[in-house]
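Trainee: Just so it is clear, I am handing over entry_3.txt, which has compact mmCIF, C-alpha atoms.
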```
# COMPACT_ATOMS: atom_id res chain seq x y z
CA MET A 1 46.88 9.74 9.85
CA ALA A 2 43.38 10.34 11.18
CA TYR A 3 40.84 11.23 8.49
CA ASP A 4 37.49 12.96 8.82
CA PHE A 5 35.89 10.08 6.91
CA ASP A 6 36.79 6.55 5.91
CA LEU A 7 34.89 7.01 2.64
CA PHE A 8 33.81 10.21 0.91
CA VAL A 9 31.37 9.63 -1.96
CA ILE A 10 30.89 12.30 -4.62
CA GLY A 11 27.46 11.83 -6.16
CA ALA A 12 24.21 10.56 -4.61
CA GLY A 13 22.99 8.53 -7.55
CA SER A 14 22.21 4.84 -7.44
CA GLY A 15 25.83 3.64 -7.25
CA GLY A 16 27.03 6.27 -4.81
CA VAL A 17 24.11 5.81 -2.43
CA ARG A 18 24.50 2.02 -2.48
CA ALA A 19 28.23 2.23 -1.72
CA ALA A 20 27.68 4.80 1.04
CA ARG A 21 24.86 2.95 2.77
CA PHE A 22 26.58 -0.39 2.86
CA ALA A 23 29.96 1.02 3.81
CA ALA A 24 28.28 2.77 6.75
CA GLY A 25 26.52 -0.48 7.60
CA PHE A 26 29.92 -2.18 7.71
CA GLY A 27 31.06 0.33 10.30
CA ALA A 28 32.79 2.93 8.14
CA LYS A 29 32.45 6.67 8.70
CA VAL A 30 30.94 7.90 5.43
CA ALA A 31 29.99 11.20 3.78
CA VAL A 32 28.11 11.82 0.54
CA ALA A 33 28.13 15.10 -1.37
CA GLU A 34 25.46 15.88 -3.98
CA SER A 35 24.97 19.19 -5.78
CA ARG A 36 21.74 18.46 -7.67
CA TYR A 37 19.22 15.82 -6.74
CA LEU A 38 19.21 12.69 -4.61
CA GLY A 39 18.85 9.51 -6.60
CA GLY A 40 20.86 10.68 -9.58
CA THR A 41 19.87 10.43 -13.23
CA CYS A 42 17.76 7.30 -12.87
CA VAL A 43 15.37 8.64 -10.26
CA ASN A 44 15.13 12.22 -11.50
CA VAL A 45 15.67 12.43 -15.26
CA GLY A 46 16.12 8.82 -16.33
CA CYS A 47 14.60 5.40 -15.96
CA VAL A 48 11.96 6.16 -13.31
CA PRO A 49 10.21 9.19 -14.83
CA LYS A 50 10.73 7.72 -18.31
CA LYS A 51 8.90 4.53 -17.32
CA LEU A 52 6.05 6.59 -15.84
CA LEU A 53 5.72 8.44 -19.16
CA VAL A 54 5.88 5.13 -21.03
CA TYR A 55 2.97 3.88 -18.92
CA GLY A 56 1.08 7.05 -19.80
CA ALA A 57 1.75 6.62 -23.51
CA HIS A 58 0.70 2.97 -23.39
CA VAL A 59 -2.80 3.89 -22.18
CA ALA A 60 -3.61 4.84 -25.78
CA ASP A 61 -3.03 1.20 -26.79
CA GLU A 62 -5.29 -0.05 -24.02
CA LEU A 63 -8.07 2.31 -25.12
CA GLU A 64 -7.69 1.18 -28.72
CA GLN A 65 -7.94 -2.48 -27.70
CA ALA A 66 -10.89 -1.99 -25.37
CA ALA A 67 -13.57 -2.16 -28.08
CA GLY A 68 -12.56 -5.71 -28.95
CA PHE A 69 -13.44 -6.74 -25.41
CA GLY A 70 -16.87 -5.11 -25.45
CA TRP A 71 -16.04 -1.77 -23.91
CA THR A 72 -17.57 1.38 -25.35
CA LEU A 73 -15.58 4.39 -24.26
CA GLU A 74 -16.05 8.08 -24.78
CA GLU A 75 -13.24 9.75 -26.65
CA GLY A 76 -10.38 10.20 -24.21
CA HIS A 77 -8.50 13.41 -23.50
CA PHE A 78 -4.89 13.47 -22.43
CA ASP A 79 -3.51 16.24 -20.22
CA TRP A 80 0.28 16.56 -20.23
CA GLY A 81 0.29 18.89 -17.23
CA THR A 82 -1.46 16.34 -15.03
CA LEU A 83 0.98 13.57 -15.98
CA ILE A 84 4.03 15.78 -15.34
CA ALA A 85 2.65 17.05 -12.01
CA ASN A 86 1.95 13.50 -10.84
CA LYS A 87 5.39 12.41 -12.03
CA ASN A 88 7.03 15.28 -10.15
CA ARG A 89 5.23 14.32 -6.97
CA GLU A 90 6.46 10.75 -7.23
CA ILE A 91 10.05 11.88 -7.87
CA GLU A 92 9.90 14.13 -4.78
CA ARG A 93 8.73 11.13 -2.77
CA LEU A 94 11.66 9.07 -4.04
CA ASN A 95 14.09 11.91 -3.26
CA GLY A 96 12.87 11.74 0.33
CA ILE A 97 13.34 7.99 0.43
CA TYR A 98 16.94 8.33 -0.74
CA ARG A 99 17.57 11.00 1.88
CA ASN A 100 16.19 8.73 4.61
CA LEU A 101 18.20 5.76 3.38
CA LEU A 102 21.39 7.75 3.73
CA VAL A 103 20.68 9.55 6.97
CA ASN A 104 19.23 6.48 8.69
CA SER A 105 22.36 4.56 7.71
CA GLY A 106 24.50 7.06 9.59
CA VAL A 107 25.87 8.72 6.46
CA THR A 108 26.73 12.44 6.58
CA LEU A 109 24.87 14.10 3.69
CA LEU A 110 26.41 17.28 2.29
CA GLN A 111 24.30 19.11 -0.27
CA GLY A 112 26.74 21.09 -2.40
CA HIS A 113 29.28 20.73 -5.17
CA ALA A 114 32.28 18.62 -4.20
CA ARG A 115 35.71 19.30 -5.66
CA MET A 116 38.81 17.29 -4.88
CA THR A 117 41.72 19.42 -3.70
CA GLY A 118 44.03 16.45 -3.24
CA ALA A 119 44.10 12.68 -3.33
CA ASN A 120 42.59 12.54 0.17
CA GLU A 121 40.78 15.85 0.42
CA VAL A 122 37.42 17.17 -0.80
CA GLU A 123 36.06 20.71 -0.62
CA VAL A 124 32.31 21.37 -0.40
CA ASP A 125 31.09 24.97 -0.27
CA GLY A 126 34.42 26.18 1.10
CA GLN A 127 34.68 23.49 3.78
CA ARG A 128 37.43 20.89 3.39
CA TYR A 129 37.16 17.27 4.46
CA SER A 130 39.82 14.57 4.54
CA ALA A 131 39.06 10.97 3.61
CA GLU A 132 41.03 7.75 3.42
CA HIS A 133 39.06 6.76 0.32
CA ILE A 134 37.20 8.94 -2.18
CA LEU A 135 34.60 7.41 -4.50
CA ILE A 136 33.61 9.27 -7.67
CA ALA A 137 30.05 8.40 -8.70
CA THR A 138 28.99 11.53 -10.56
CA GLY A 139 27.31 9.78 -13.50
CA GLY A 140 26.77 11.11 -17.00
CA TRP A 141 25.25 14.10 -18.75
CA PRO A 142 23.50 14.34 -22.15
CA GLN A 143 25.35 16.13 -24.90
CA VAL A 144 24.17 17.86 -28.07
CA PRO A 145 26.42 18.15 -31.14
CA ASP A 146 27.98 21.54 -31.66
CA ILE A 147 25.75 22.82 -34.46
CA PRO A 148 24.23 26.26 -35.06
CA GLY A 149 21.06 26.51 -32.97
CA LYS A 150 22.00 23.73 -30.52
CA GLU A 151 20.66 25.89 -27.68
CA LEU A 152 17.16 25.52 -29.16
CA ALA A 153 17.20 21.75 -28.69
CA VAL A 154 16.24 19.84 -25.53
CA THR A 155 17.64 16.65 -24.02
CA SER A 156 16.23 14.11 -21.59
CA ASN A 157 17.12 16.53 -18.77
CA GLU A 158 14.60 19.09 -20.03
CA ALA A 159 12.02 16.82 -21.66
CA PHE A 160 10.60 15.69 -18.33
CA TYR A 161 9.76 19.29 -17.46
CA LEU A 162 8.29 20.63 -20.71
CA LYS A 163 5.37 22.90 -19.90
CA ASP A 164 3.25 21.55 -22.75
CA LEU A 165 3.28 18.48 -24.97
CA PRO A 166 4.72 19.60 -28.32
CA ARG A 167 2.45 19.02 -31.32
CA ARG A 168 5.39 18.08 -33.57
CA VAL A 169 8.61 16.52 -32.33
CA LEU A 170 11.89 15.64 -34.01
CA VAL A 171 13.80 13.03 -32.02
CA VAL A 172 17.47 12.80 -33.01
CA GLY A 173 19.48 9.68 -32.18
CA GLY A 174 19.59 5.94 -32.65
CA GLY A 175 20.11 4.61 -29.13
CA TYR A 176 17.57 3.32 -26.65
CA ILE A 177 16.82 6.78 -25.19
CA ALA A 178 15.89 8.14 -28.62
CA VAL A 179 13.71 5.14 -29.42
CA GLU A 180 11.96 5.28 -26.04
CA PHE A 181 11.20 9.01 -26.21
CA ALA A 182 9.98 8.73 -29.79
CA GLY A 183 7.46 6.17 -28.53
CA ILE A 184 6.49 8.37 -25.58
CA PHE A 185 5.87 11.48 -27.67
CA GLN A 186 3.99 9.59 -30.36
CA GLY A 187 1.94 7.58 -27.87
CA LEU A 188 0.84 10.74 -26.10
CA GLY A 189 -0.35 12.28 -29.35
CA ALA A 190 2.56 14.24 -30.86
CA ALA A 191 3.42 13.90 -34.54
CA THR A 192 6.86 12.37 -34.14
CA THR A 193 9.82 11.85 -36.46
CA LEU A 194 12.91 9.87 -35.45
CA LEU A 195 16.09 10.91 -37.24
CA TYR A 196 19.20 8.75 -37.12
CA ARG A 197 22.42 9.25 -39.04
CA GLY A 198 23.00 5.48 -39.47
CA ASP A 199 21.26 2.79 -41.50
CA LEU A 200 19.28 1.33 -38.59
CA PHE A 201 18.86 2.25 -34.93
CA LEU A 202 19.91 0.32 -31.78
CA ARG A 203 23.41 -0.57 -32.91
CA GLY A 204 24.73 -3.46 -30.80
CA PHE A 205 21.34 -5.11 -30.35
CA ASP A 206 20.44 -8.33 -32.13
CA GLY A 207 19.76 -7.80 -35.83
CA SER A 208 16.38 -9.54 -35.72
CA VAL A 209 15.32 -7.32 -32.83
CA ARG A 210 16.34 -4.13 -34.65
CA THR A 211 14.56 -5.06 -37.84
CA HIS A 212 11.43 -6.28 -36.07
CA LEU A 213 11.11 -3.13 -33.97
CA LYS A 214 11.54 -0.97 -37.08
CA GLU A 215 8.67 -2.78 -38.75
CA GLU A 216 6.41 -2.48 -35.71
CA LEU A 217 7.14 1.21 -35.22
CA GLU A 218 6.33 1.87 -38.86
CA LYS A 219 3.01 0.04 -38.41
CA ARG A 220 2.23 2.49 -35.62
CA GLY A 221 2.87 5.42 -37.93
CA LEU A 222 6.14 6.63 -36.45
CA ASP A 223 8.11 8.51 -39.10
CA LEU A 224 11.54 6.84 -39.20
CA GLN A 225 14.22 8.62 -41.21
CA PHE A 226 17.59 6.85 -41.36
CA ASN A 227 20.81 8.23 -42.84
CA ALA A 228 19.51 11.64 -41.80
CA ASP A 229 21.19 14.25 -39.61
CA ILE A 230 20.55 17.87 -38.67
CA GLN A 231 22.97 20.56 -39.85
CA ARG A 232 21.41 23.54 -38.08
CA ILE A 233 18.31 24.62 -36.13
CA ASP A 234 16.59 27.99 -36.54
CA LYS A 235 13.68 29.55 -34.69
CA LEU A 236 10.86 30.82 -36.89
CA GLU A 237 8.69 33.88 -36.28
CA ASP A 238 5.78 31.78 -35.01
CA GLY A 239 8.04 30.14 -32.39
CA SER A 240 8.40 26.83 -34.18
CA LEU A 241 11.78 25.34 -35.06
CA LYS A 242 13.19 24.66 -38.52
CA ALA A 243 15.73 21.87 -38.74
CA THR A 244 17.89 21.94 -41.85
CA LEU A 245 19.25 18.49 -42.63
CA LYS A 246 22.65 17.77 -44.13
CA ASP A 247 20.94 16.61 -47.32
CA GLY A 248 19.30 20.02 -47.68
CA ARG A 249 15.80 19.07 -46.58
CA GLU A 250 13.98 21.22 -44.04
CA LEU A 251 11.70 19.91 -41.27
CA VAL A 252 9.55 22.10 -39.02
CA ALA A 253 8.66 21.08 -35.47
CA ASP A 254 7.79 22.50 -32.08
CA CYS A 255 10.49 20.54 -30.26
CA VAL A 256 13.84 19.08 -31.30
CA PHE A 257 14.88 16.40 -28.81
CA TYR A 258 18.49 15.16 -28.87
CA ALA A 259 19.51 11.73 -27.58
CA THR A 260 22.89 11.43 -29.24
CA GLY A 261 25.02 10.25 -26.37
CA ARG A 262 26.12 11.09 -22.84
CA ARG A 263 29.44 12.21 -21.44
CA PRO A 264 30.94 11.54 -18.01
CA MET A 265 30.08 14.34 -15.56
CA LEU A 266 33.54 15.56 -14.55
CA ASP A 267 32.94 19.32 -14.51
CA ASN A 268 34.96 21.17 -11.86
CA LEU A 269 35.69 17.91 -10.04
CA GLY A 270 39.34 18.73 -9.36
CA LEU A 271 40.80 15.72 -11.14
CA GLU A 272 43.89 17.78 -11.95
CA ASN A 273 44.71 17.81 -8.23
CA THR A 274 44.66 14.05 -7.80
CA GLY A 275 46.57 12.10 -10.43
CA VAL A 276 43.36 10.47 -11.71
CA GLU A 277 43.69 9.69 -15.42
CA LEU A 278 41.06 9.41 -18.15
CA ASP A 279 40.93 6.75 -20.85
CA ALA A 280 40.89 7.44 -24.59
CA ARG A 281 37.10 7.95 -24.54
CA GLY A 282 37.22 10.51 -21.75
CA TYR A 283 35.98 8.26 -18.94
CA ILE A 284 37.83 7.74 -15.66
CA ARG A 285 40.33 4.91 -16.02
CA VAL A 286 39.90 2.21 -13.37
CA ASP A 287 41.17 -1.32 -12.80
CA GLU A 288 39.04 -4.38 -12.09
CA GLN A 289 38.46 -3.20 -8.52
CA TYR A 290 37.40 0.32 -9.57
CA GLN A 291 40.70 1.79 -8.43
CA THR A 292 41.80 4.86 -10.38
CA THR A 293 45.39 5.80 -11.08
CA ALA A 294 45.34 7.61 -7.73
CA PRO A 295 45.46 4.83 -5.08
CA SER A 296 43.03 6.53 -2.67
CA ILE A 297 40.38 7.32 -5.30
CA LEU A 298 37.84 4.94 -6.83
CA ALA A 299 35.13 5.42 -9.45
CA ILE A 300 31.97 3.53 -10.44
CA GLY A 301 28.91 3.86 -12.63
CA ASP A 302 28.43 5.84 -15.82
CA VAL A 303 31.57 7.88 -15.13
CA ILE A 304 33.76 4.85 -15.93
CA GLY A 305 31.90 4.04 -19.15
CA ARG A 306 31.51 0.29 -18.80
CA VAL A 307 27.89 -0.90 -18.75
CA GLN A 308 25.83 2.22 -18.18
CA LEU A 309 22.80 0.76 -16.40
CA THR A 310 21.45 1.53 -12.94
CA PRO A 311 21.57 -2.08 -11.65
CA VAL A 312 25.20 -2.30 -12.77
CA ALA A 313 26.09 0.86 -10.82
CA LEU A 314 24.34 -0.65 -7.79
CA ALA A 315 26.40 -3.83 -8.11
CA GLU A 316 29.62 -1.82 -8.49
CA GLY A 317 28.78 0.27 -5.42
CA MET A 318 28.18 -2.87 -3.40
CA ALA A 319 31.45 -4.38 -4.61
CA VAL A 320 33.42 -1.29 -3.55
CA ALA A 321 31.83 -1.19 -0.09
CA ARG A 322 32.52 -4.86 0.50
CA ARG A 323 36.10 -4.80 -0.75
CA LEU A 324 37.02 -1.82 1.40
CA PHE A 325 35.12 -2.58 4.59
CA LYS A 326 33.89 -6.20 4.50
CA PRO A 327 36.41 -8.06 2.33
CA GLU A 328 35.22 -11.49 3.42
CA GLN A 329 31.95 -10.75 1.57
CA TYR A 330 33.58 -9.29 -1.54
CA ARG A 331 32.52 -10.66 -4.91
CA PRO A 332 33.54 -9.10 -8.24
CA VAL A 333 30.79 -7.85 -10.52
CA ASP A 334 30.01 -10.27 -13.34
CA TYR A 335 29.38 -8.29 -16.53
CA GLN A 336 28.29 -11.34 -18.51
CA ASN A 337 24.62 -12.04 -19.26
CA ILE A 338 23.24 -8.74 -17.94
CA PRO A 339 19.51 -8.60 -18.74
CA THR A 340 18.25 -5.30 -20.06
CA ALA A 341 15.13 -3.76 -21.52
CA VAL A 342 14.31 -0.96 -23.93
CA PHE A 343 10.93 0.55 -23.10
CA SER A 344 10.02 1.24 -26.67
CA GLN A 345 6.51 0.52 -27.89
CA PRO A 346 6.53 -2.44 -28.21
CA PRO A 347 9.32 -3.00 -25.66
CA ILE A 348 12.52 -5.03 -26.03
CA GLY A 349 13.94 -7.49 -23.53
CA THR A 350 17.34 -9.06 -24.09
CA VAL A 351 19.99 -11.06 -22.25
CA GLY A 352 23.18 -12.75 -23.40
CA LEU A 353 24.79 -12.75 -26.83
CA THR A 354 23.20 -11.49 -30.01
CA GLU A 355 23.33 -13.77 -33.02
CA GLU A 356 26.04 -11.55 -34.49
CA GLN A 357 28.15 -11.65 -31.31
CA ALA A 358 27.84 -15.42 -31.07
CA LEU A 359 29.06 -15.86 -34.64
CA GLU A 360 31.90 -13.38 -34.14
CA GLY A 361 32.88 -15.31 -31.00
CA GLY A 362 33.39 -18.47 -33.03
CA HIS A 363 30.28 -20.33 -31.89
CA LYS A 364 28.49 -22.72 -34.20
CA VAL A 365 25.03 -21.29 -33.80
CA GLN A 366 21.48 -22.57 -33.94
CA VAL A 367 18.79 -19.88 -34.03
CA PHE A 368 15.21 -20.40 -32.90
CA GLU A 369 12.83 -17.59 -33.84
CA SER A 370 9.10 -17.13 -33.46
CA ARG A 371 6.87 -14.27 -34.58
CA PHE A 372 3.22 -14.29 -33.57
CA ARG A 373 0.24 -12.09 -32.87
CA ALA A 374 -0.34 -11.99 -29.12
CA MET A 375 -3.52 -13.58 -27.79
CA LYS A 376 -4.67 -10.25 -26.34
CA LEU A 377 -4.85 -8.79 -29.84
CA THR A 378 -6.94 -11.57 -31.43
CA LEU A 379 -10.21 -9.79 -30.56
CA THR A 380 -8.94 -6.53 -32.06
CA ASP A 381 -7.88 -5.30 -35.48
CA ILE A 382 -4.33 -4.58 -34.28
CA GLN A 383 -1.74 -6.49 -36.30
CA GLU A 384 1.30 -6.03 -34.02
CA LYS A 385 3.52 -9.10 -33.78
CA THR A 386 5.76 -10.30 -30.98
CA LEU A 387 9.27 -11.60 -31.69
CA MET A 388 11.02 -14.20 -29.54
CA LYS A 389 14.46 -15.54 -30.31
CA LEU A 390 16.94 -17.97 -28.80
CA VAL A 391 20.60 -18.15 -29.84
CA VAL A 392 22.03 -21.58 -29.00
CA ASP A 393 25.51 -23.08 -29.20
CA ALA A 394 25.03 -26.04 -31.54
CA GLU A 395 27.90 -28.01 -29.99
CA THR A 396 27.19 -27.58 -26.26
CA ASP A 397 23.40 -26.92 -26.49
CA LYS A 398 23.95 -23.96 -24.15
CA VAL A 399 21.58 -21.04 -24.63
CA LEU A 400 23.78 -18.05 -25.44
CA GLY A 401 21.13 -15.36 -25.83
CA CYS A 402 17.42 -14.65 -25.40
CA HIS A 403 15.75 -11.75 -27.20
CA MET A 404 12.17 -10.49 -27.29
CA VAL A 405 10.17 -7.64 -28.76
CA GLY A 406 6.64 -7.46 -27.45
CA PRO A 407 4.44 -6.66 -24.43
CA ASP A 408 6.05 -7.30 -21.03
CA ALA A 409 9.41 -8.12 -22.62
CA GLY A 410 11.32 -6.59 -19.73
CA GLU A 411 9.35 -8.56 -17.15
CA ILE A 412 9.81 -11.84 -19.02
CA ILE A 413 13.52 -11.44 -19.74
CA GLN A 414 14.37 -11.02 -16.05
CA GLY A 415 13.60 -14.67 -15.33
CA LEU A 416 15.47 -15.82 -18.39
CA GLY A 417 18.47 -13.87 -17.13
CA ILE A 418 18.64 -16.27 -14.20
CA ALA A 419 18.51 -19.22 -16.57
CA LEU A 420 21.40 -17.91 -18.66
CA LYS A 421 23.41 -17.03 -15.57
CA ALA A 422 22.95 -20.65 -14.45
CA GLY A 423 24.15 -21.95 -17.83
CA ALA A 424 20.85 -23.43 -19.02
CA THR A 425 20.79 -25.56 -22.14
CA LYS A 426 18.18 -25.64 -24.90
CA GLN A 427 17.16 -29.09 -23.69
CA GLN A 428 16.42 -27.65 -20.25
CA PHE A 429 14.34 -24.91 -21.88
CA ASP A 430 12.48 -27.62 -23.84
CA GLU A 431 11.87 -29.71 -20.73
CA THR A 432 10.44 -26.77 -18.79
CA ILE A 433 6.64 -26.78 -18.68
CA GLY A 434 5.15 -23.59 -20.06
CA VAL A 435 2.60 -21.36 -18.35
CA HIS A 436 -0.47 -21.45 -20.59
CA PRO A 437 -1.81 -19.32 -22.13
CA THR A 438 0.97 -16.76 -22.03
CA ALA A 439 3.40 -15.24 -24.49
CA ALA A 440 6.30 -16.26 -22.25
CA GLU A 441 5.65 -19.97 -22.84
CA GLU A 442 6.90 -19.54 -26.40
CA PHE A 443 10.45 -19.48 -25.02
CA VAL A 444 10.06 -23.10 -23.87
CA THR A 445 8.07 -24.40 -26.86
CA MET A 446 10.28 -23.35 -29.79
CA ARG A 447 11.48 -26.64 -31.30
CA THR A 448 12.34 -25.91 -34.93
CA VAL A 449 15.69 -24.41 -35.87
CA THR A 450 15.10 -21.27 -37.94
CA ARG A 451 18.65 -21.22 -39.28
```
What do you get writing this file as structure tokens?
Mentor:
Amino acid sequence: MAYDFDLFVIGAGSGGVRAARFAAGFGAKVAVAESRYLGGTCVNVGCVPKKLLVYGAHVADELEQAAGFGWTLEEGHFDWGTLIANKNREIERLNGIYRNLLVNSGVTLLQGHARMTGANEVEVDGQRYSAEHILIATGGWPQVPDIPGKELAVTSNEAFYLKDLPRRVLVVGGGYIAVEFAGIFQGLGAATTLLYRGDLFLRGFDGSVRTHLKEELEKRGLDLQFNADIQRIDKLEDGSLKATLKDGRELVADCVFYATGRRPMLDNLGLENTGVELDARGYIRVDEQYQTTAPSILAIGDVIGRVQLTPVALAEGMAVARRLFKPEQYRPVDYQNIPTAVFSQPPIGTVGLTEEQALEGGHKVQVFESRFRAMKLTLTDIQEKTLMKLVVDAETDKVLGCHMVGPDAGEIIQGLGIALKAGATKQQFDETIGVHPTAAEEFVTMRTVTR
């Protein structure tokens, strides 16, 4: 049978665009349908604008440190509107880049909502297209618990477009998005409270990292309230919001920001017409080659619920394009030792196993930990400390995990990700000459076992 397209991609986020571009480069006839914005969550309401706001929030630290280096500065004034306008301009530029990447690759770009009407057919704005392969890359969507007043809350989708910086913010959640936005709001001058229903945020991260970040955030004056959850939200006469907690307490704020999880974006996708099945968590079920239960349909990225990170979606998109249209270049995605960062303030960088995971995996573990005040702060009164940690297999000497909380953690951990991917040992770390004076050299100078 002759199809209109060899590959039809639903969703122009990072994974979908990568798969489409490379499939077209391999000679396939490709279409992409996108109903919202080119670049997906990451470019528009995720990692890119978030990082720009993190940079903006971090300026306050630089101004505070300046006096120690002899600078006398007039009192600064922050303008939220300027930051958001500049951010919007940059996002529009990136949208254009994504459009050019697709069009210049020979991909047919269809701007409209795509709905599958069969295992090999997609409808966009009333027009039907046939395809040998369909790739679902529609990503995720933030969700707010079903409580009275939920419509008064905002999520990451709306936070990037707030008209004004709220004076008082309640951030609800214990994942990296909650922690990052709490740092953004506080760093830009809002009185910020972080509420989390559990004992300690960032579940799944190394225990030392979680505890250290908690201590540093408290030093900065961030109000952390654990074992706390909102029961309802009400709007007061003056326009502010009253959050009633499950323990009966009441908190008043100008903004309630929810970061309590994301769901796969499957709305009106037509899955019922295809034979595609979902797993127990509600994500699209796929095999190791991203094949769904419908042979002609594949899925990648956040919609399959594996590792929900942009670089992972990119790798999955590349793997799909190669397997389908350039099989001699196909390589499966390796989900081990994926470096990642949390752009909290201070930031986290981590790669490999946590201490807890290593112990649960049966490893006999040696832990090397160092906490120190960064050189940049020695001329200031700031008492922030950096944490660096190595988790080592005591029997093989292999480094199982690297963890850091401190300035430039994300930048530093990228290089260590290569080392772990290559199977580096602690001896090889020890024999590597450090770059002096830097914080990063601490990773190759830790000699004493902490425990």
Trainee: Which residue is closest to A:Val399? Choose from A:Glu356, A:Asp430, A:Asp164, A:Glu237 and count only C-alpha atoms.
Mentor: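 The answer is A:Asp430, which sits nearest to A:Val399.
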Trainee: Need to verify the contact set: stretch 326-332 of chain A, 9 Å, only C-alpha atoms, exclusion of same-chain residues closer than 6 positions in sequence. Can you return it as a CSV table (one decimal) with C-alpha atoms, in the frame of the given file?
Mentor:
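The result, written out as selection-v4.csv:
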```csv
chain,number,residue,atom,x,y,z
A,23,ALA,CA,30.0,1.0,3.8
A,26,PHE,CA,29.9,-2.2,7.7
A,288,GLU,CA,39.0,-4.4,-12.1
A,289,GLN,CA,38.5,-3.2,-8.5
A,315,ALA,CA,26.4,-3.8,-8.1
A,316,GLU,CA,29.6,-1.8,-8.5
A,318,MET,CA,28.2,-2.9,-3.4
A,319,ALA,CA,31.4,-4.4,-4.6
A,320,VAL,CA,33.4,-1.3,-3.6
```
Trainee: Do you know which residues are at most 9 Å from A:Leu387 counting only C-alpha atoms, after dropping those on the same chain fewer than 6 positions away, and could you put them as a list of chain:residue names?
Mentor: A:Ser208, A:Val209, A:His212, A:Leu213, A:Glu369, A:Ser370, A:Arg371, A:Phe372, A:His403, A:Met404, A:Val405, A:Gly406
Trainee: As a ChimeraX atom specification, please: the residues near A:Trp141 (cut-off 9 Å, only C-alpha atoms, same-chain neighbours under 4 positions excluded).
Mentor: /A:41,157,261-265
Trainee: Have a look at A:Ile230, A:Pro346, A:Gly282, A:Glu132 and name the one nearest to A:Arg210; count all atoms listed in the file.
Mentor: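 Under the stated criterion, the closest residue is A:Pro346.
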Trainee: Write out as a ChimeraX atom specification each polymer residue whose atoms come within 12 Å of A:Gly106, counting all atoms listed in the file; drop sequence neighbours fewer than 6 positions from it.
Mentor: /A:20-32,99-100
Trainee: Could you jot down the atom CA of A:Gly15 to atom CA of A:Val45 separation for me, Å, one decimal place?
Mentor: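 It comes out at 15.6 Å.
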Trainee: Can you tell me how far atom CA of A:Asp234 sits from atom CA of A:Phe257, in Å to one decimal?
Mentor: 14.0 Å
Trainee: Report, as lines of an AutoDock Vina configuration file, the centre and edge lengths in Å (one decimal) of the axis-aligned box enclosing every listed atom of stretch 80-91 of chain A, padded by 4 Å on each side.
Mentor:
```
center_x = 4.3
center_y = 14.8
center_z = -13.6
size_x = 19.5
size_y = 16.1
size_z = 21.3
```
Trainee: Go through A:Val107, A:Ile304, A:Leu236, A:Ala228 and flag the residue nearest A:Asp6, using all atoms listed in the file for the distances.
Mentor: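 Distance minimum relative to A:Asp6 lands on A:Val107.
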Trainee: A:Phe78: which residues within 10 Å, counting only C-alpha atoms, same-chain residues fewer than 3 positions away excluded, as a list in words?
Mentor: Gly56, Ala57, Val59, Ala60, Gly81, Thr82, Leu83, Leu165, Leu188 and Gly189 of chain A
Trainee: Selected residues, C-alpha atoms, written as a PDB file, keeping the file's coordinate frame, please.
Mentor:
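Below is the file part_8.pdb, written as the result:
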```
ATOM      1  CA  GLY A  56       1.080   7.050 -19.800  1.00  0.00           C
ATOM      2  CA  ALA A  57       1.750   6.620 -23.510  1.00  0.00           C
ATOM      3  CA  VAL A  59      -2.800   3.890 -22.180  1.00  0.00           C
ATOM      4  CA  ALA A  60      -3.610   4.840 -25.780  1.00  0.00           C
ATOM      5  CA  GLY A  81       0.290  18.890 -17.230  1.00  0.00           C
ATOM      6  CA  THR A  82      -1.460  16.340 -15.030  1.00  0.00           C
ATOM      7  CA  LEU A  83       0.980  13.570 -15.980  1.00  0.00           C
ATOM      8  CA  LEU A 165       3.280  18.480 -24.970  1.00  0.00           C
ATOM      9  CA  LEU A 188       0.840  10.740 -26.100  1.00  0.00           C
ATOM     10  CA  GLY A 189      -0.350  12.280 -29.350  1.00  0.00           C
TER      11      GLY A 189
END
```
Trainee: Pick out the closest residue to A:Asn337 from this set: A:Val171, A:Leu298, A:Ala419, A:Leu202. Count only C-alpha atoms.
Mentor: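 Closest to A:Asn337 of all the choices is A:Ala419.
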Trainee: Taking all atoms listed in the file into account, name the residue in A:Arg306, A:Lys364, A:Ser296, A:Arg447 that is nearest to A:Asp334.
Mentor: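 Comparing A:Arg306, A:Lys364, A:Ser296, A:Arg447 against A:Asp334, the winner is A:Arg306.
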Trainee: Figure out the distance between atom CA of A:Thr386 and atom CA of A:Tyr176, please, to one decimal in Å.
Mentor: 18.5 Å
Trainee: Rank A:Val365, A:Leu379, A:Ile418, A:Ile91 by their smallest atom-to-atom distance to A:Thr396, using only C-alpha atoms, and report the top residue only.
Mentor: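 Of all the options, A:Val365 lies closest to A:Thr396.
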